[in-house]
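Source file: protein-v9.cif. Holds: mmCIF, C-alpha atoms.
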```cif
data_data
#
loop_
_atom_site.group_PDB
_atom_site.id
_atom_site.type_symbol
_atom_site.label_atom_id
_atom_site.label_comp_id
_atom_site.auth_asym_id
_atom_site.auth_seq_id
_atom_site.Cartn_x
_atom_site.Cartn_y
_atom_site.Cartn_z
ATOM 1 C CA MET A 20 -33.224 20.184 -3.621
ATOM 2 C CA THR A 21 -30.831 22.640 -2.001
ATOM 3 C CA LEU A 22 -27.115 23.231 -1.604
ATOM 4 C CA THR A 23 -27.517 22.418 2.059
ATOM 5 C CA GLU A 24 -28.829 18.957 1.181
ATOM 6 C CA PHE A 25 -25.893 18.495 -1.195
ATOM 7 C CA ARG A 26 -23.527 19.349 1.659
ATOM 8 C CA TYR A 27 -25.295 16.810 3.845
ATOM 9 C CA ILE A 28 -24.837 13.904 1.436
ATOM 10 C CA VAL A 29 -21.212 14.828 0.720
ATOM 11 C CA ALA A 30 -20.538 14.866 4.450
ATOM 12 C CA VAL A 31 -22.279 11.511 5.028
ATOM 13 C CA ALA A 32 -20.316 9.936 2.160
ATOM 14 C CA ARG A 33 -17.079 11.282 3.603
ATOM 15 C CA GLU A 34 -17.732 10.331 7.242
ATOM 16 C CA GLN A 35 -19.718 7.134 6.532
ATOM 17 C CA HIS A 36 -21.661 7.998 9.667
ATOM 18 C CA PHE A 37 -24.720 10.228 10.122
ATOM 19 C CA GLY A 38 -23.695 11.458 13.566
ATOM 20 C CA ARG A 39 -20.208 12.559 12.521
ATOM 21 C CA ALA A 40 -21.598 14.086 9.323
ATOM 22 C CA ALA A 41 -24.075 16.123 11.368
ATOM 23 C CA GLU A 42 -21.252 17.379 13.579
ATOM 24 C CA ALA A 43 -19.223 18.347 10.507
ATOM 25 C CA CYS A 44 -22.215 20.286 9.159
ATOM 26 C CA PHE A 45 -22.977 21.872 12.566
ATOM 27 C CA VAL A 46 -26.549 20.563 12.646
ATOM 28 C CA SER A 47 -28.385 17.957 14.681
ATOM 29 C CA GLN A 48 -28.458 14.403 13.392
ATOM 30 C CA PRO A 49 -32.288 14.417 12.922
ATOM 31 C CA THR A 50 -31.989 17.595 10.823
ATOM 32 C CA LEU A 51 -29.330 16.041 8.615
ATOM 33 C CA SER A 52 -31.227 12.740 8.310
ATOM 34 C CA VAL A 53 -34.400 14.542 7.248
ATOM 35 C CA GLY A 54 -32.481 16.522 4.640
ATOM 36 C CA VAL A 55 -30.849 13.398 3.189
ATOM 37 C CA LYS A 56 -34.167 11.531 3.121
ATOM 38 C CA LYS A 57 -35.877 14.477 1.413
ATOM 39 C CA LEU A 58 -33.220 14.552 -1.320
ATOM 40 C CA GLU A 59 -33.499 10.806 -1.853
ATOM 41 C CA GLU A 60 -37.277 11.120 -2.252
ATOM 42 C CA GLN A 61 -36.950 14.018 -4.691
ATOM 43 C CA LEU A 62 -34.454 12.108 -6.833
ATOM 44 C CA GLY A 63 -36.180 8.751 -6.448
ATOM 45 C CA VAL A 64 -32.838 7.140 -5.586
ATOM 46 C CA ILE A 65 -31.461 5.500 -2.455
ATOM 47 C CA ILE A 66 -28.168 7.295 -1.929
ATOM 48 C CA PHE A 67 -27.074 5.486 1.237
ATOM 49 C CA GLU A 68 -27.389 1.897 2.371
ATOM 50 C CA ARG A 69 -27.953 2.086 6.109
ATOM 51 C CA SER A 70 -27.348 -0.522 8.815
ATOM 52 C CA LYS A 71 -26.844 -0.437 12.548
ATOM 53 C CA SER A 72 -23.070 -0.636 12.169
ATOM 54 C CA ASP A 73 -22.269 1.538 9.177
ATOM 55 C CA VAL A 74 -23.399 3.608 6.200
ATOM 56 C CA LYS A 75 -22.422 2.773 2.622
ATOM 57 C CA VAL A 76 -22.916 4.772 -0.557
ATOM 58 C CA THR A 77 -24.913 2.900 -3.193
ATOM 59 C CA PRO A 78 -23.565 2.752 -6.780
ATOM 60 C CA GLN A 79 -26.244 5.234 -7.934
ATOM 61 C CA GLY A 80 -25.627 7.308 -4.828
ATOM 62 C CA GLN A 81 -21.894 7.542 -5.568
ATOM 63 C CA ARG A 82 -22.571 9.312 -8.853
ATOM 64 C CA ILE A 83 -24.977 11.704 -7.132
ATOM 65 C CA VAL A 84 -22.481 12.470 -4.356
ATOM 66 C CA GLU A 85 -19.759 13.188 -6.924
ATOM 67 C CA GLN A 86 -22.083 15.494 -8.840
ATOM 68 C CA ALA A 87 -23.108 17.242 -5.628
ATOM 69 C CA GLN A 88 -19.431 17.755 -4.778
ATOM 70 C CA ALA A 89 -18.818 19.245 -8.222
ATOM 71 C CA ILE A 90 -21.806 21.586 -7.857
ATOM 72 C CA LEU A 91 -20.611 22.798 -4.454
ATOM 73 C CA GLU A 92 -17.182 23.505 -5.892
ATOM 74 C CA GLN A 93 -18.719 25.381 -8.814
ATOM 75 C CA VAL A 94 -20.640 27.492 -6.321
ATOM 76 C CA ASP A 95 -17.382 28.232 -4.512
ATOM 77 C CA GLN A 96 -15.873 29.262 -7.832
ATOM 78 C CA LEU A 97 -18.781 31.634 -8.482
ATOM 79 C CA LYS A 98 -18.203 33.216 -5.093
ATOM 80 C CA LEU A 99 -14.545 33.674 -5.896
ATOM 81 C CA GLU A 100 -15.275 35.263 -9.245
ATOM 82 C CA ALA A 101 -17.957 37.499 -7.739
ATOM 83 C CA SER A 102 -15.538 38.938 -5.228
ATOM 84 C CA GLU A 103 -13.235 41.587 -6.707
ATOM 85 C CA ASN A 104 -10.671 41.013 -4.008
ATOM 86 C CA SER A 105 -10.863 37.233 -4.018
ATOM 87 C CA ASP A 106 -7.595 35.451 -3.343
ATOM 88 C CA GLN A 107 -7.362 31.745 -4.149
ATOM 89 C CA LEU A 108 -4.228 31.552 -2.021
ATOM 90 C CA GLU A 109 -6.175 32.271 1.158
ATOM 91 C CA GLY A 110 -7.745 29.461 3.115
ATOM 92 C CA ALA A 111 -6.490 25.966 3.878
ATOM 93 C CA LEU A 112 -5.273 23.671 1.111
ATOM 94 C CA LYS A 113 -5.692 19.972 1.865
ATOM 95 C CA ILE A 114 -3.014 17.863 0.199
ATOM 96 C CA GLY A 115 -2.093 14.201 0.462
ATOM 97 C CA ALA A 116 0.667 11.904 -0.717
ATOM 98 C CA ILE A 117 1.387 8.210 -0.832
ATOM 99 C CA PHE A 118 3.712 6.880 1.861
ATOM 100 C CA THR A 119 6.734 6.597 -0.457
ATOM 101 C CA ILE A 120 6.467 10.238 -1.600
ATOM 102 C CA GLY A 121 5.364 12.287 1.408
ATOM 103 C CA PRO A 122 8.422 11.927 3.699
ATOM 104 C CA TYR A 123 10.804 13.048 0.946
ATOM 105 C CA LEU A 124 8.651 15.725 -0.712
ATOM 106 C CA PHE A 125 6.932 17.530 2.171
ATOM 107 C CA PRO A 126 10.061 18.657 4.114
ATOM 108 C CA ASN A 127 11.008 20.925 1.179
ATOM 109 C CA LEU A 128 7.529 21.624 -0.182
ATOM 110 C CA VAL A 129 5.828 22.837 3.006
ATOM 111 C CA PRO A 130 8.368 25.558 3.917
ATOM 112 C CA GLU A 131 8.373 26.799 0.329
ATOM 113 C CA LEU A 132 4.582 27.042 0.247
ATOM 114 C CA ARG A 133 4.563 28.858 3.564
ATOM 115 C CA ARG A 134 7.071 31.325 2.161
ATOM 116 C CA ILE A 135 5.203 32.158 -1.039
ATOM 117 C CA ALA A 136 1.630 31.743 0.285
ATOM 118 C CA PRO A 137 1.636 32.603 3.999
ATOM 119 C CA LYS A 138 -2.174 32.955 4.100
ATOM 120 C CA MET A 139 -2.732 29.403 2.849
ATOM 121 C CA PRO A 140 -2.491 26.911 5.745
ATOM 122 C CA LEU A 141 -1.746 23.334 4.734
ATOM 123 C CA HIS A 142 -3.496 20.176 5.890
ATOM 124 C CA ILE A 143 -1.218 17.196 5.189
ATOM 125 C CA ASP A 144 -2.227 13.550 4.841
ATOM 126 C CA GLU A 145 -0.291 10.387 3.954
ATOM 127 C CA ASP A 146 -2.053 7.196 2.914
ATOM 128 C CA TYR A 147 -2.310 4.402 0.357
ATOM 129 C CA THR A 148 -3.245 5.356 -3.207
ATOM 130 C CA HIS A 149 -6.736 3.839 -3.049
ATOM 131 C CA ASN A 150 -7.530 5.709 0.190
ATOM 132 C CA LEU A 151 -6.196 9.006 -1.157
ATOM 133 C CA LYS A 152 -8.300 8.538 -4.283
ATOM 134 C CA THR A 153 -11.447 8.162 -2.180
ATOM 135 C CA LYS A 154 -10.589 11.197 -0.066
ATOM 136 C CA LEU A 155 -9.945 13.247 -3.198
ATOM 137 C CA ARG A 156 -13.249 12.289 -4.793
ATOM 138 C CA ASN A 157 -15.139 13.000 -1.551
ATOM 139 C CA GLY A 158 -13.578 16.426 -1.116
ATOM 140 C CA GLU A 159 -11.568 15.512 1.996
ATOM 141 C CA LEU A 160 -8.432 16.382 0.026
ATOM 142 C CA ASP A 161 -7.930 19.022 -2.669
ATOM 143 C CA ALA A 162 -4.879 17.514 -4.359
ATOM 144 C CA ILE A 163 -2.768 14.391 -3.962
ATOM 145 C CA PHE A 164 0.742 13.378 -4.996
ATOM 146 C CA ILE A 165 0.648 9.971 -6.660
ATOM 147 C CA ALA A 166 2.588 7.795 -9.100
ATOM 148 C CA LEU A 167 1.351 7.530 -12.677
ATOM 149 C CA PRO A 168 -0.637 6.023 -14.267
ATOM 150 C CA PHE A 169 -3.665 7.334 -12.385
ATOM 151 C CA ASP A 170 -6.817 7.181 -14.472
ATOM 152 C CA GLU A 171 -10.002 8.326 -12.732
ATOM 153 C CA ALA A 172 -13.150 9.926 -14.106
ATOM 154 C CA GLU A 173 -13.326 13.698 -13.529
ATOM 155 C CA ILE A 174 -9.778 13.689 -12.152
ATOM 156 C CA ASP A 175 -6.912 15.514 -13.882
ATOM 157 C CA THR A 176 -3.192 15.122 -13.296
ATOM 158 C CA ILE A 177 -0.163 17.393 -13.644
ATOM 159 C CA PRO A 178 3.112 15.461 -14.236
ATOM 160 C CA LEU A 179 5.900 16.748 -11.973
ATOM 161 C CA TYR A 180 9.058 14.661 -12.073
ATOM 162 C CA GLU A 181 10.469 11.222 -12.801
ATOM 163 C CA GLU A 182 12.736 9.344 -10.423
ATOM 164 C CA GLU A 183 14.835 6.227 -10.794
ATOM 165 C CA PHE A 184 14.790 3.158 -8.564
ATOM 166 C CA LEU A 185 17.965 2.286 -6.669
ATOM 167 C CA ALA A 186 19.235 -0.880 -5.010
ATOM 168 C CA LEU A 187 19.643 -0.692 -1.236
ATOM 169 C CA LEU A 188 22.430 -2.919 0.085
ATOM 170 C CA PRO A 189 23.699 -3.825 3.551
ATOM 171 C CA PRO A 190 27.292 -3.046 4.526
ATOM 172 C CA LYS A 191 29.883 -5.530 3.260
ATOM 173 C CA HIS A 192 27.583 -6.919 0.576
ATOM 174 C CA PRO A 193 29.641 -8.211 -2.401
ATOM 175 C CA TRP A 194 27.680 -6.021 -4.832
ATOM 176 C CA ILE A 195 29.111 -2.885 -3.234
ATOM 177 C CA LYS A 196 32.160 -3.231 -5.498
ATOM 178 C CA LYS A 197 29.972 -3.016 -8.639
ATOM 179 C CA ASP A 198 29.304 0.294 -10.365
ATOM 180 C CA LYS A 199 25.835 -0.736 -11.513
ATOM 181 C CA LEU A 200 23.481 -3.643 -11.007
ATOM 182 C CA TYR A 201 20.945 -5.418 -13.165
ATOM 183 C CA LEU A 202 17.476 -5.388 -11.687
ATOM 184 C CA ALA A 203 17.039 -9.089 -12.442
ATOM 185 C CA ASP A 204 19.998 -9.855 -10.174
ATOM 186 C CA ILE A 205 17.999 -9.055 -7.072
ATOM 187 C CA ALA A 206 15.701 -12.005 -7.835
ATOM 188 C CA ASP A 207 18.470 -14.259 -6.501
ATOM 189 C CA GLU A 208 18.670 -12.356 -3.207
ATOM 190 C CA VAL A 209 16.450 -12.246 -0.147
ATOM 191 C CA MET A 210 14.126 -9.381 -1.039
ATOM 192 C CA ILE A 211 12.809 -6.943 1.573
ATOM 193 C CA MET A 212 9.758 -5.218 0.109
ATOM 194 C CA LEU A 213 6.853 -3.071 1.164
ATOM 195 C CA GLY A 214 3.670 -4.954 2.001
ATOM 196 C CA ALA A 215 0.586 -5.316 -0.161
ATOM 197 C CA GLY A 216 -1.256 -2.061 -0.831
ATOM 198 C CA HIS A 217 1.842 0.014 -1.559
ATOM 199 C CA CYS A 218 1.951 1.003 -5.218
ATOM 200 C CA PHE A 219 5.757 1.246 -5.111
ATOM 201 C CA ARG A 220 5.878 -2.488 -4.362
ATOM 202 C CA ASP A 221 3.733 -3.141 -7.448
ATOM 203 C CA GLN A 222 5.987 -0.945 -9.597
ATOM 204 C CA VAL A 223 9.105 -2.824 -8.502
ATOM 205 C CA LEU A 224 7.479 -6.171 -9.220
ATOM 206 C CA GLU A 225 6.337 -4.946 -12.625
ATOM 207 C CA ALA A 226 9.898 -3.911 -13.462
ATOM 208 C CA CYS A 227 11.301 -7.205 -12.173
ATOM 209 C CA PRO A 228 8.990 -10.122 -13.055
ATOM 210 C CA GLN A 229 11.606 -12.579 -11.795
ATOM 211 C CA CYS A 230 11.004 -11.281 -8.291
ATOM 212 C CA ARG A 231 7.290 -11.948 -8.511
ATOM 213 C CA ASP A 232 6.951 -15.206 -10.414
ATOM 214 C CA ASN A 233 7.641 -18.129 -8.080
ATOM 215 C CA SER A 234 7.575 -20.491 -11.061
ATOM 216 C CA LEU A 235 10.745 -18.749 -12.266
ATOM 217 C CA ASN A 236 12.319 -18.751 -8.846
ATOM 218 C CA PRO A 237 10.575 -21.250 -6.523
ATOM 219 C CA GLN A 238 13.132 -20.688 -3.749
ATOM 220 C CA LYS A 239 12.422 -16.962 -3.600
ATOM 221 C CA ASP A 240 12.638 -15.659 -0.049
ATOM 222 C CA TRP A 241 10.552 -12.626 0.889
ATOM 223 C CA ILE A 242 10.468 -10.262 3.830
ATOM 224 C CA THR A 243 7.925 -7.446 3.948
ATOM 225 C CA GLY A 244 8.136 -4.155 5.807
ATOM 226 C CA SER A 245 5.509 -1.558 6.609
ATOM 227 C CA SER A 246 7.611 1.445 5.594
ATOM 228 C CA LEU A 247 10.840 2.355 3.831
ATOM 229 C CA GLU A 248 12.313 3.305 7.201
ATOM 230 C CA THR A 249 11.619 -0.186 8.557
ATOM 231 C CA ILE A 250 13.097 -1.708 5.414
ATOM 232 C CA ARG A 251 16.277 0.357 5.837
ATOM 233 C CA HIS A 252 16.899 -1.090 9.272
ATOM 234 C CA MET A 253 16.224 -4.640 8.096
ATOM 235 C CA VAL A 254 18.650 -4.230 5.204
ATOM 236 C CA ALA A 255 21.257 -2.774 7.570
ATOM 237 C CA SER A 256 20.834 -5.859 9.751
ATOM 238 C CA GLY A 257 21.882 -8.032 6.817
ATOM 239 C CA LEU A 258 18.479 -9.659 6.317
ATOM 240 C CA GLY A 259 18.458 -8.981 2.569
ATOM 241 C CA VAL A 260 18.447 -6.284 -0.103
ATOM 242 C CA SER A 261 15.762 -3.884 -1.256
ATOM 243 C CA VAL A 262 14.786 -1.315 -3.877
ATOM 244 C CA ILE A 263 13.961 2.300 -3.009
ATOM 245 C CA PRO A 264 12.901 5.388 -4.971
ATOM 246 C CA ALA A 265 15.772 7.775 -5.674
ATOM 247 C CA SER A 266 14.187 10.572 -3.630
ATOM 248 C CA ALA A 267 14.606 8.389 -0.533
ATOM 249 C CA ALA A 268 18.311 7.753 -1.132
ATOM 250 C CA ASP A 269 19.598 10.719 0.883
ATOM 251 C CA TYR A 270 17.394 10.017 3.890
ATOM 252 C CA HIS A 271 19.029 6.877 5.264
ATOM 253 C CA ASN A 272 20.688 7.070 8.660
ATOM 254 C CA GLU A 273 24.465 7.305 8.238
ATOM 255 C CA LYS A 274 24.898 5.085 11.294
ATOM 256 C CA LEU A 275 23.309 2.244 9.337
ATOM 257 C CA SER A 276 26.176 2.270 6.772
ATOM 258 C CA LEU A 277 23.753 1.472 3.950
ATOM 259 C CA VAL A 278 24.859 1.620 0.322
ATOM 260 C CA VAL A 279 22.728 2.570 -2.672
ATOM 261 C CA LYS A 280 23.611 1.445 -6.186
ATOM 262 C CA PRO A 281 22.094 2.469 -9.549
ATOM 263 C CA PHE A 282 20.713 -0.048 -12.021
ATOM 264 C CA SER A 283 21.907 -0.587 -15.569
ATOM 265 C CA GLN A 284 19.694 0.151 -18.565
ATOM 266 C CA PRO A 285 16.790 -0.109 -18.784
ATOM 267 C CA VAL A 286 16.681 1.771 -15.500
ATOM 268 C CA PRO A 287 13.389 1.257 -13.637
ATOM 269 C CA SER A 288 11.650 4.476 -12.636
ATOM 270 C CA ARG A 289 8.322 6.045 -11.763
ATOM 271 C CA LYS A 290 6.593 9.320 -12.698
ATOM 272 C CA ILE A 291 5.121 11.501 -9.951
ATOM 273 C CA ALA A 292 2.140 13.781 -10.529
ATOM 274 C CA ILE A 293 -0.437 15.941 -8.765
ATOM 275 C CA ALA A 294 -4.017 14.659 -9.087
ATOM 276 C CA PHE A 295 -7.016 16.917 -8.477
ATOM 277 C CA ARG A 296 -10.732 17.072 -9.185
ATOM 278 C CA ARG A 297 -11.482 18.746 -12.488
ATOM 279 C CA SER A 298 -14.124 20.849 -10.734
ATOM 280 C CA PHE A 299 -11.771 22.127 -8.013
ATOM 281 C CA PRO A 300 -12.059 25.933 -8.229
ATOM 282 C CA ARG A 301 -8.709 27.079 -6.801
ATOM 283 C CA LYS A 302 -6.560 26.612 -9.879
ATOM 284 C CA ASP A 303 -4.113 29.298 -8.721
ATOM 285 C CA ALA A 304 -3.394 27.231 -5.611
ATOM 286 C CA LEU A 305 -2.720 24.166 -7.749
ATOM 287 C CA GLN A 306 -0.325 26.107 -9.971
ATOM 288 C CA LEU A 307 1.499 27.349 -6.904
ATOM 289 C CA LEU A 308 1.672 23.811 -5.562
ATOM 290 C CA GLN A 309 3.252 22.682 -8.812
ATOM 291 C CA LYS A 310 5.708 25.575 -8.734
ATOM 292 C CA ALA A 311 6.760 24.830 -5.157
ATOM 293 C CA VAL A 312 7.841 21.268 -5.996
ATOM 294 C CA ASN A 313 11.573 21.354 -6.571
ATOM 295 C CA PRO A 314 12.905 18.028 -7.901
ATOM 296 C CA SER A 315 16.452 19.371 -7.751
ATOM 297 C CA LEU A 316 16.281 19.054 -3.962
ATOM 298 C CA MET A 317 15.647 15.307 -4.246
ATOM 299 C CA HIS A 318 18.320 12.826 -5.323
ATOM 300 C CA GLY A 319 17.840 11.170 -8.696
ATOM 301 C CA THR A 320 14.762 13.074 -9.853
ATOM 302 C CA GLU A 321 14.182 14.888 -13.118
ATOM 303 C CA VAL A 322 11.454 17.326 -14.173
ATOM 304 C CA ILE A 323 8.988 15.982 -16.776
#
```

Just dump the structure as structure tokens.
Amino acid sequence: MTLTEFRYIVAVAREQHFGRAAEACFVSQPTLSVGVKKLEEQLGVIIFERSKSDVKVTPQGQRIVEQAQAILEQVDQLKLEASENSDQLEGALKIGAIFTIGPYLFPNLVPELRRIAPKMPLHIDEDYTHNLKTKLRNGELDAIFIALPFDEAEIDTIPLYEEEFLALLPPKHPWIKKDKLYLADIADEVMIMLGAGHCFRDQVLEACPQCRDNSLNPQKDWITGSSLETIRHMVASGLGVSVIPASAADYHNEKLSLVVKPFSQPVPSRKIAIAFRRSFPRKDALQLLQKAVNPSLMHGTEVI
């Protein structure tokens, strides 16, 4: 078995397609297919389940792909350590974030990283947590910004900051006169929430069981939106109320005349962290990424 064969299977797992994997590895598809087949025969394991329409990693194959990824990263680390003039802040850093973090973190983070590490281009991705997790494990991303808890084998996290949840109200709503709200109060309102798949939705429902349990509130009226920006406009139209993370509070359009209100104790919140593969060799880049995050630039956040 060779490092080249390891690169082949990592690429196939990432692309889920032999043709695209071959292009990514700059080889012909027959060459890549032969290399993958040879590795499978040497290990006595079927790594990929093939069909005419797609390619899937088998359960045994997933463990092999993850180990191959770790080995390739260890080789990269050896190369770095072997070079006297190696600089971990050179070369692209691929980072991702969930949809409810990226728009409010990246506008401050990216310029700061460009300032302190001009030789480190950034590749940015936004996605759902489960998709980011897969991309991280497959090596498509080097680090991701997620909400805790995030428990994955061979994945470490660095806690960054904690932010409160805030109520988002339309203009002229009677609650505007209140200093603070109780989270349970929103169970009696028409709720505008993110759709299934967004972890922020799950966190809000966990903090407010009354909003989730129809047996407690059988008349509960729901509206779902695909993004916080869409939800803002629906709230401004008077369709209902919503809950947003504090970092998003300063990003609403002033023309919408939206109002944000804090919640009374216990205040719902979430903790944000960087997740990365334990085997990722560029630890200096990760430390710089952590340093570049400045919670003070985001409303309602606190370093943890």

Enumerate, as number ranges by chain, the residues matched when the PyMOL selection byres ((chain A and resi 122) around 12) is run on the file above. A: 115-121, 123-129, 143-146, 164, 246-248, 264, 266-271, 317

Could you state which residues are captured by the PyMOL selection byres ((chain A and resi 149-158) around 8) in this file, as a VMD selection string? chain A and resid 29 32 to 33 84 to 85 88 115 to 117 145 to 148 159 to 163 295 to 296

Where does the PyMOL selection byres ((chain A and resi 78-81) around 10) land in this file, that is, which residues does it pick, as a PyMOL selection string? chain A and resi 28-29+32+59+64-68+75-77+82-87+156-157

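Checking A:Leu202, A:Leu112, A:Leu213, A:Ala172 one by one against Leu141 (chain A), counting all atoms listed in the file, you find the shortest gap at A:Leu112.
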
Is there a way to get, as a compact mmCIF listing (two decimals) with C-alpha atoms, in the frame of the given file, all residues within 8 Å of the point (6.4, -6.7, 0.3) in file coordinates, counting all atoms listed in the file?
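Once everything was written out, this is out35.txt:
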```txt
# COMPACT_ATOMS: atom_id res chain seq x y z
CA ILE A 211 12.81 -6.94 1.57
CA MET A 212 9.76 -5.22 0.11
CA LEU A 213 6.85 -3.07 1.16
CA GLY A 214 3.67 -4.95 2.00
CA ALA A 215 0.59 -5.32 -0.16
CA ARG A 220 5.88 -2.49 -4.36
CA TRP A 241 10.55 -12.63 0.89
CA ILE A 242 10.47 -10.26 3.83
CA THR A 243 7.92 -7.45 3.95
CA GLY A 244 8.14 -4.16 5.81
```

Nearest-residue call for Gln306 (chain A), choices A:Leu108, A:Arg26, A:Cys44, A:His36, using only C-alpha atoms: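 Distance minimum relative to Gln306 (chain A) lands on A:Leu108.
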
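Among A:Ser288, A:Thr320, A:Ser52, A:Ser276, the residue with the shortest atom-to-atom distance to Leu224 (chain A), counting only C-alpha atoms, is A:Ser288.
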
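Nearest to Ala43 (chain A) of all the residues A:Tyr201, A:Tyr27, A:Val55, A:Ile135 is A:Tyr27, counting all atoms listed in the file.
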
Counting all atoms listed in the file, the option among A:Lys280, A:Pro314, A:Asp221, A:Val74 closest to Leu185 (chain A): A:Lys280

CA of Arg69 (chain A) and CA of Gly38 (chain A), how far apart in Å?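 According to the coordinates, CA of Gly38 (chain A) and CA of Arg69 (chain A) are separated by 12.7 Å.
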
Using all atoms listed in the file, find the one residue out of A:Pro281, A:Pro300, A:Lys191, A:Val286 that sits nearest to Gly259 (chain A).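 Of A:Pro281, A:Pro300, A:Lys191, A:Val286, the one nearest Gly259 (chain A), counting all atoms listed in the file, is A:Lys191.
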
What separation in Å, quoted to one decimal, exists between CA of Thr249 (chain A) and CA of Gln222 (chain A)?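 It comes out at 19.0 Å.
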
Can you measure CA of Leu91 (chain A) to CA of Phe25 (chain A) for me? One decimal in Å is fine. 7.6 Å
